[in-house]
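One file, start38.txt, carrying compact mmCIF, C-alpha atoms and all ligand atoms:
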```txt
# COMPACT_ATOMS: atom_id res chain seq x y z
CA MET L 1432 169.52 106.89 -46.43
CA THR L 1433 172.92 105.93 -47.79
CA LEU L 1434 173.07 102.51 -49.39
CA LYS L 1435 175.97 100.72 -51.00
CA ALA L 1436 175.81 98.43 -54.03
CA LYS L 1437 177.03 95.46 -51.99
CA GLN L 1438 173.95 95.74 -49.77
CA TYR L 1439 171.90 94.64 -52.77
CA LYS L 1440 173.96 91.48 -53.33
CA SER L 1441 172.51 88.38 -51.76
CA ASP L 1442 174.53 85.68 -50.01
CA THR L 1443 173.92 83.34 -52.96
CA LYS L 1444 177.03 83.05 -55.09
CA PRO L 1445 176.38 83.23 -58.85
CA ILE L 1446 177.01 79.99 -60.73
CA TRP L 1447 177.61 81.71 -64.06
CA CYS L 1448 180.75 80.66 -65.94
CA PRO L 1449 183.86 82.72 -65.13
CA GLY L 1450 183.96 85.55 -67.67
CA CYS L 1451 180.21 85.54 -68.37
CA GLY L 1452 178.93 89.04 -69.18
CA HIS L 1453 176.08 88.70 -66.73
CA TYR L 1454 178.36 89.48 -63.77
CA GLY L 1455 178.75 93.02 -65.06
CA ILE L 1456 175.00 93.40 -65.36
CA LEU L 1457 174.49 92.23 -61.78
CA ASN L 1458 177.04 94.81 -60.67
CA ALA L 1459 175.33 97.52 -62.67
CA ILE L 1460 171.90 96.71 -61.25
CA THR L 1461 173.14 96.87 -57.65
CA LYS L 1462 174.96 100.16 -58.34
CA ALA L 1463 171.81 101.65 -59.87
CA PHE L 1464 169.64 100.58 -56.93
CA ALA L 1465 172.13 102.05 -54.47
CA ALA L 1466 172.36 105.32 -56.39
CA ALA L 1467 168.57 105.57 -56.57
CA GLU L 1468 168.45 104.90 -52.81
CA ILE L 1469 165.63 102.42 -53.14
CA ALA L 1470 165.46 100.21 -50.06
CA PRO L 1471 165.97 96.52 -50.88
CA GLU L 1472 162.50 95.73 -49.55
CA SER L 1473 161.03 98.17 -52.11
CA VAL L 1474 162.55 96.39 -55.11
CA ALA L 1475 161.33 93.31 -56.97
CA VAL L 1476 163.42 91.63 -59.68
CA MET L 1477 161.46 89.31 -61.96
CA SER L 1478 162.75 86.78 -64.47
CA GLY L 1479 161.87 83.86 -66.69
CA ILE L 1480 164.25 80.98 -67.46
CA GLY L 1481 167.84 80.90 -68.66
CA CYS L 1482 171.32 81.66 -67.38
CA SER L 1483 170.46 85.34 -67.08
CA SER L 1484 167.18 84.62 -65.36
CA ARG L 1485 169.05 83.31 -62.34
CA LEU L 1486 169.81 86.91 -61.50
CA PRO L 1487 166.99 87.57 -58.98
CA ALA L 1488 168.56 84.99 -56.64
CA TYR L 1489 171.73 87.07 -56.53
CA VAL L 1490 170.01 90.32 -55.57
CA ASN L 1491 169.07 91.15 -52.00
CA SER L 1492 165.49 92.20 -52.76
CA TYR L 1493 162.17 90.60 -53.48
CA GLY L 1494 162.23 88.62 -56.68
CA PHE L 1495 160.71 85.81 -58.65
CA HIS L 1496 162.29 83.25 -60.98
CA GLY L 1497 159.37 82.30 -63.16
CA VAL L 1498 158.81 80.21 -66.24
CA HIS L 1499 160.11 80.59 -69.76
CA GLY L 1500 159.24 83.89 -71.40
CA ARG L 1501 156.96 85.06 -68.62
CA ALA L 1502 159.08 87.65 -66.80
CA LEU L 1503 157.14 90.57 -68.26
CA PRO L 1504 153.57 89.45 -67.56
CA MET L 1505 154.59 88.64 -63.99
CA ALA L 1506 156.29 91.99 -63.63
CA THR L 1507 153.27 93.74 -65.13
CA GLY L 1508 150.89 92.07 -62.70
CA LEU L 1509 153.13 92.83 -59.75
CA LYS L 1510 153.53 96.50 -60.65
CA LEU L 1511 149.79 96.98 -61.15
CA ALA L 1512 149.07 95.32 -57.80
CA ARG L 1513 151.93 96.99 -55.93
CA PRO L 1514 152.70 100.34 -57.57
CA ASP L 1515 154.82 101.26 -54.56
CA LEU L 1516 157.50 98.74 -55.60
CA SER L 1517 160.28 99.43 -58.09
CA VAL L 1518 159.97 96.55 -60.53
CA VAL L 1519 162.82 95.36 -62.74
CA ALA L 1520 162.41 92.46 -65.18
CA VAL L 1521 165.47 90.64 -66.52
CA GLY L 1522 166.11 87.83 -68.96
CA GLY L 1523 167.92 86.61 -72.01
CA ASP L 1524 167.41 86.92 -75.74
CA GLY L 1525 165.72 83.53 -76.10
CA ASP L 1526 163.50 84.06 -73.09
CA GLY L 1527 162.56 87.60 -74.05
CA LEU L 1528 162.34 87.52 -77.83
CA SER L 1529 161.36 83.95 -78.68
CA ILE L 1530 159.25 82.34 -75.98
CA GLY L 1531 158.34 85.71 -74.50
CA GLY L 1532 158.35 87.72 -77.70
CA ASN L 1533 154.67 88.55 -77.70
CA HIS L 1534 154.83 89.65 -74.07
CA PHE L 1535 157.70 91.96 -74.98
CA LEU L 1536 155.68 93.69 -77.70
CA HIS L 1537 152.71 94.22 -75.44
CA ALA L 1538 154.81 95.36 -72.49
CA CYS L 1539 156.25 98.09 -74.73
CA ARG L 1540 152.75 99.05 -75.80
CA ARG L 1541 151.22 98.95 -72.31
CA ASN L 1542 153.89 101.20 -70.85
CA VAL L 1543 153.65 99.93 -67.28
CA ASP L 1544 156.26 101.66 -65.15
CA MET L 1545 159.21 99.26 -64.89
CA VAL L 1546 162.69 98.58 -66.27
CA TYR L 1547 163.26 95.61 -68.57
CA ILE L 1548 166.88 94.49 -68.99
CA LEU L 1549 167.44 92.18 -71.95
CA MET L 1550 170.72 90.32 -71.33
CA ASP L 1551 171.58 89.50 -74.93
CA ASN L 1552 174.35 87.03 -75.76
CA GLN L 1553 172.80 85.90 -79.04
CA VAL L 1554 172.58 82.29 -77.91
CA TYR L 1555 170.64 79.91 -75.70
CA GLY L 1556 173.35 79.47 -73.07
CA MET L 1557 171.61 77.34 -70.46
CA THR L 1558 170.54 74.71 -72.99
CA LYS L 1559 174.09 74.62 -74.32
CA GLY L 1560 174.43 76.67 -77.43
CA GLN L 1561 171.48 76.82 -79.80
CA ALA L 1562 170.81 79.80 -82.08
CA SER L 1563 168.47 82.39 -80.60
CA PRO L 1564 166.37 85.15 -82.23
CA THR L 1565 169.38 87.50 -82.10
CA SER L 1566 172.05 85.07 -83.39
CA PRO L 1567 173.71 86.19 -86.63
CA ALA L 1568 172.22 84.37 -89.63
CA HIS L 1569 175.52 82.68 -90.46
CA TRP L 1570 176.62 81.74 -86.97
CA GLU L 1571 177.71 78.18 -87.72
CA ARG L 1572 178.44 76.79 -84.30
CA GLY L 1573 174.87 76.49 -83.09
CA LYS L 1574 174.19 72.94 -81.95
CA LEU L 1575 171.05 72.70 -84.09
CA THR L 1576 172.19 74.97 -86.94
CA PRO L 1577 175.71 73.86 -87.95
CA HIS L 1578 175.33 75.75 -91.25
CA GLY L 1579 173.82 78.84 -89.65
CA SER L 1580 170.12 79.48 -89.19
CA GLY L 1581 169.89 81.62 -92.35
CA LEU L 1582 167.49 83.86 -90.45
CA SER L 1583 167.89 87.59 -89.97
CA PRO L 1584 168.33 88.39 -86.29
CA PHE L 1585 165.90 90.65 -84.48
CA GLN L 1586 167.08 94.13 -83.62
CA PRO L 1587 165.73 94.46 -80.07
CA CYS L 1588 165.85 98.26 -79.91
CA ALA L 1589 164.03 98.57 -83.24
CA LEU L 1590 161.37 96.16 -82.02
CA ALA L 1591 160.94 98.14 -78.81
CA LEU L 1592 160.53 101.39 -80.73
CA ALA L 1593 158.02 99.92 -83.17
CA ALA L 1594 156.00 98.49 -80.28
CA GLY L 1595 155.81 101.83 -78.49
CA ALA L 1596 158.48 101.82 -75.76
CA GLY L 1597 159.30 105.34 -74.63
CA PHE L 1598 162.78 104.71 -73.19
CA ILE L 1599 165.26 102.70 -75.27
CA ALA L 1600 168.93 102.23 -74.43
CA ARG L 1601 171.77 99.86 -75.15
CA GLY L 1602 174.51 98.99 -72.68
CA TYR L 1603 177.39 96.57 -72.40
CA GLY L 1604 178.08 94.06 -69.62
CA GLY L 1605 181.76 94.97 -69.78
CA ASP L 1606 180.94 98.55 -68.78
CA PRO L 1607 179.01 98.23 -65.52
CA ASN L 1608 179.31 101.91 -64.63
CA GLY L 1609 177.87 103.07 -67.94
CA LEU L 1610 175.16 100.44 -67.69
CA ALA L 1611 174.35 101.50 -64.11
CA ARG L 1612 173.69 105.03 -65.38
CA MET L 1613 171.25 103.70 -67.99
CA ILE L 1614 169.41 101.51 -65.48
CA TYR L 1615 169.27 104.41 -63.05
CA ASP L 1616 167.78 106.62 -65.79
CA GLY L 1617 165.34 103.83 -66.58
CA ILE L 1618 164.27 103.64 -62.94
CA ASN L 1619 163.65 107.38 -63.00
CA TYR L 1620 161.65 107.17 -66.23
CA SER L 1621 157.90 107.04 -65.72
CA GLY L 1622 156.89 104.15 -67.97
CA PHE L 1623 158.39 101.07 -69.60
CA ALA L 1624 162.15 101.50 -69.89
CA PHE L 1625 163.93 99.04 -72.17
CA VAL L 1626 167.66 98.46 -71.70
CA HIS L 1627 169.24 96.12 -74.26
CA VAL L 1628 172.56 94.81 -72.94
CA LEU L 1629 175.30 93.09 -74.93
CA SER L 1630 176.44 90.37 -72.53
CA GLN L 1631 178.98 87.87 -73.75
CA CYS L 1632 178.52 84.10 -73.43
CA ILE L 1633 182.14 83.11 -73.00
CA THR L 1634 181.36 79.40 -73.12
CA PHE L 1635 179.28 78.98 -76.27
CA VAL L 1636 180.23 82.09 -78.24
CA PRO L 1637 183.79 82.82 -77.11
CA GLU L 1638 184.34 85.14 -80.06
CA GLN L 1639 182.12 87.63 -78.24
CA THR L 1640 185.17 88.62 -76.19
CA ASP L 1641 185.85 90.81 -79.28
CA TRP L 1642 182.88 92.92 -78.24
CA LYS L 1643 185.13 94.90 -75.92
CA ASP L 1644 186.83 96.28 -79.05
CA LYS L 1645 183.61 96.73 -81.03
CA VAL L 1646 181.45 98.51 -78.47
CA HIS L 1647 181.46 102.28 -78.90
CA ILE L 1648 179.59 105.34 -77.72
CA LEU L 1649 176.61 106.21 -79.94
CA ASP L 1650 177.37 108.69 -82.70
CA GLN L 1651 174.73 110.95 -81.17
CA PRO L 1652 175.09 110.34 -77.44
CA THR L 1653 172.19 112.58 -76.41
CA ALA L 1654 168.85 110.76 -76.50
CA CYS L 1655 166.26 112.11 -78.93
CA ASP L 1656 162.52 112.31 -78.37
CA ASP L 1657 161.46 111.90 -81.98
CA ALA L 1658 160.52 108.35 -83.01
CA VAL L 1659 161.48 108.82 -86.66
CA GLU L 1660 164.91 110.09 -85.72
CA ALA L 1661 165.27 107.32 -83.12
CA ALA L 1662 164.49 104.73 -85.81
CA ARG L 1663 167.12 106.25 -88.05
CA ARG L 1664 169.71 106.17 -85.27
CA ILE L 1665 168.91 102.58 -84.32
CA HIS L 1666 169.10 101.33 -87.90
CA ALA L 1667 172.20 103.38 -88.73
CA ASP L 1668 174.07 101.94 -85.74
CA ASP L 1669 176.16 98.81 -86.18
CA GLY L 1670 174.58 97.09 -83.19
CA PHE L 1671 177.48 97.93 -80.89
CA GLY L 1672 176.63 101.52 -80.02
CA LYS L 1673 175.97 102.08 -76.33
CA GLY L 1674 173.89 104.90 -74.96
CA VAL L 1675 170.28 106.02 -74.78
CA PHE L 1676 168.61 106.20 -78.18
CA TYR L 1677 165.22 107.53 -77.25
CA ILE L 1678 163.31 109.07 -74.38
CA SER L 1679 159.74 110.09 -75.03
CA GLU L 1680 157.31 111.14 -72.35
CA ARG L 1681 153.90 109.53 -72.58
CA PRO L 1682 151.46 108.60 -69.84
CA CYS L 1683 152.42 105.35 -68.15
CA ALA L 1684 149.70 102.71 -67.96
CA ALA L 1685 148.22 103.81 -64.64
CA GLU L 1686 148.05 107.47 -65.67
CA ALA L 1687 146.50 106.59 -69.02
CA VAL L 1688 143.43 105.18 -67.30
CA GLY L 1689 143.28 107.87 -64.65
CA ALA L 1690 144.50 105.69 -61.77
CA ASP L 1691 147.05 106.79 -59.21
CA SER L 1692 150.57 105.88 -60.18
CA HIS L 1693 153.54 105.70 -57.93
CA PRO L 1694 155.12 109.15 -58.17
CA VAL L 1695 158.56 109.05 -59.74
CA GLN L 1696 161.08 110.61 -57.43
CA ALA L 1697 163.15 113.37 -59.01
CA ARG L 1698 166.82 112.38 -58.74
CA GLU L 1699 170.11 113.93 -59.74
CA PRO L 1700 172.02 112.36 -62.69
CA LEU L 1701 174.21 109.42 -61.67
CA MET L 1702 177.91 110.22 -62.01
CA VAL L 1703 179.94 107.01 -61.60
FE1 LIG L 1801 177.10 82.85 -69.08
FE2 LIG L 1801 177.13 81.40 -71.34
FE3 LIG L 1801 178.03 80.34 -69.05
FE4 LIG L 1801 175.42 80.79 -69.39
S1 LIG L 1801 176.68 79.32 -70.57
S2 LIG L 1801 176.63 81.27 -67.53
S3 LIG L 1801 175.44 82.71 -70.59
S4 LIG L 1801 178.94 82.10 -70.15
MG MG L 1802 170.88 84.14 -74.48
```
Just give me the structure as structure tokens.
Amino acid sequence: MTLKAKQYKSDTKPIWCPGCGHYGILNAITKAFAAAEIAPESVAVMSGIGCSSRLPAYVNSYGFHGVHGRALPMATGLKLARPDLSVVAVGGDGDGLSIGGNHFLHACRRNVDMVYILMDNQVYGMTKGQASPTSPAHWERGKLTPHGSGLSPFQPCALALAAGAGFIARGYGGDPNGLARMIYDGINYSGFAFVHVLSQCITFVPEQTDWKDKVHILDQPTACDDAVEAARRIHADDGFGKGVFYISERPCAAEAVGADSHPVQAREPLMV
């Protein structure tokens, strides 16, 4: 079966702003699906609410655009009911870390076999520019926080590690090929794979166009399997390092309770 990335794009044209980072993530997802040779009818893309959560409509697969913060519980239920499907959950920083924050922690802990892509632009884009849980404390252009929120932003990869995720990576929307490799590796990982993606909101945080100059390869580009070392790497990074921080093998949820899990297909590394 030879599939091309464009076969995973639906006929629905994205309505994201020109220059939005989410286009690169959509490209990366379709490249990863094609490389993994998963038939479109064997994929389900699940989301909550927000600009990023429109993504399932743009993918030629099964999908569900749910309610705020609920991408992960829906994805969890779907994967447990249909272990034959490849399940990918997507959403933004507000959706995933504020409204859905508790679901994120427990999804990391439960280790159900899926990929979760956090499309982080450090702002609530769809509701027109409020500070989110990942906004810098002194970001002064938030509609409700003109003097900054004064709150320390979450570090999504550190949260994922503390909550027990076994695959933790960071990508960049402006590098769809590199991001496709991470998503592909996440698909191949047996368990909950967390991919944090820096994805610029050109409309409400235009200074994020600088990210193209700030993003860099991780100092240690080979993933480690030691949680203490992974924590050190995550905290030592400036928040713009891209690569896989941590891969640790532990039984995914189905295996942990002795149930059959969908066997992960061994695949060659993705070279794009
Ligand atoms: Fe993208 Fe921001 Fe426009 Fe939403 S408001 S589509 S996040 S650029
Ligand atoms: Mg956002």
Restricting the calculation to only C-alpha atoms, which member of L:Ser1484, L:Thr1507, L:Gln1553, L:Gln1438 is positioned closest to Ala1465 of chain L?
L:Gln1438
Write out as an MDAnalysis selection string each polymer residue (protein, DNA or RNA) that has an atom no more than 8 Å from ligand MG 1802 (chain L), with all atoms listed in the file counted.
chainID L and resid 1481:1483 1523:1526 1550:1557 1563 1632
With only C-alpha atoms as the atoms that count, which of L:Ala1685, L:Ala1654, L:Ala1624, L:Ala1463 lies nearest to Ala1538 of chain L?
L:Ala1624
For ligand LIG 1801 (chain L), what centre and edge lengths in Å (one decimal) does the axis-aligned box get once 5 Å is added on each side of all its listed atoms, as AutoDock Vina command-line options?
```
--center_x 177.2 --center_y 81.1 --center_z -69.4 --size_x 13.5 --size_y 13.5 --size_z 13.8
```
Set the distance at 9 Å and use all atoms listed in the file: which residues neighbour Arg1572 of chain L once local chain neighbours fewer than 4 positions away are removed? I'd like the list as an MDAnalysis selection string.
chainID L and resid 1560:1562 1576:1579 1635:1636
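Take the candidates L:Gly1622, L:Pro1567, L:Gly1494, L:Pro1449 and check each one against Leu1509 of chain L using all atoms listed in the file; the shortest distance goes to L:Gly1494.
As for atom CA of Gln1631 of chain L and atom S4 of ligand LIG 1801 (chain L), they are spaced 6.8 Å apart.
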Residues near Glu1680 of chain L, anyone? I mean within 7 Å using only C-alpha atoms, not counting same-chain ones fewer than 2 positions away, as a VMD selection string.
chain L and resid 1597 1678 1682
Take the residues just selected and output them with C-alpha atoms as a compact mmCIF listing (two decimals), keeping the file's coordinate frame.
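Writing done, so here's selection39.txt:
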```txt
# COMPACT_ATOMS: atom_id res chain seq x y z
CA GLY L 1597 159.30 105.34 -74.63
CA ILE L 1678 163.31 109.07 -74.38
CA PRO L 1682 151.46 108.60 -69.84
```
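Nearest-residue note for Leu1457 of chain L: choosing from L:Pro1471, L:Pro1607, L:Gly1573, L:Gly1670, the minimum distance belongs to L:Pro1607, counting all atoms listed in the file.
Computed from the coordinates, the atom CA of Asn1458 of chain L to atom CA of Ser1621 of chain L distance equals 23.3 Å.
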Identify, on the basis of only C-alpha atoms, every residue whose closest approach to Gly1450 of chain L does not exceed 12 Å; exclude the query and any residue fewer than 5 positions from it along the same chain; express the result as number ranges by chain.
L: 1445, 1455, 1604-1605, 1630-1637, 1639-1640
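Distance check against Val1626 of chain L using all atoms listed in the file: of L:Pro1504, L:Gly1522, L:Gly1581, L:Pro1652, the minimum falls on L:Gly1522.
Nearest to Tyr1615 of chain L of all the residues L:Ala1520, L:Val1476, L:Leu1701, L:Ala1488 is L:Leu1701, based on only C-alpha atoms.
Taking atom CA of Ile1665 of chain L and atom CA of Glu1571 of chain L as the two end points, the separation is 26.2 Å.
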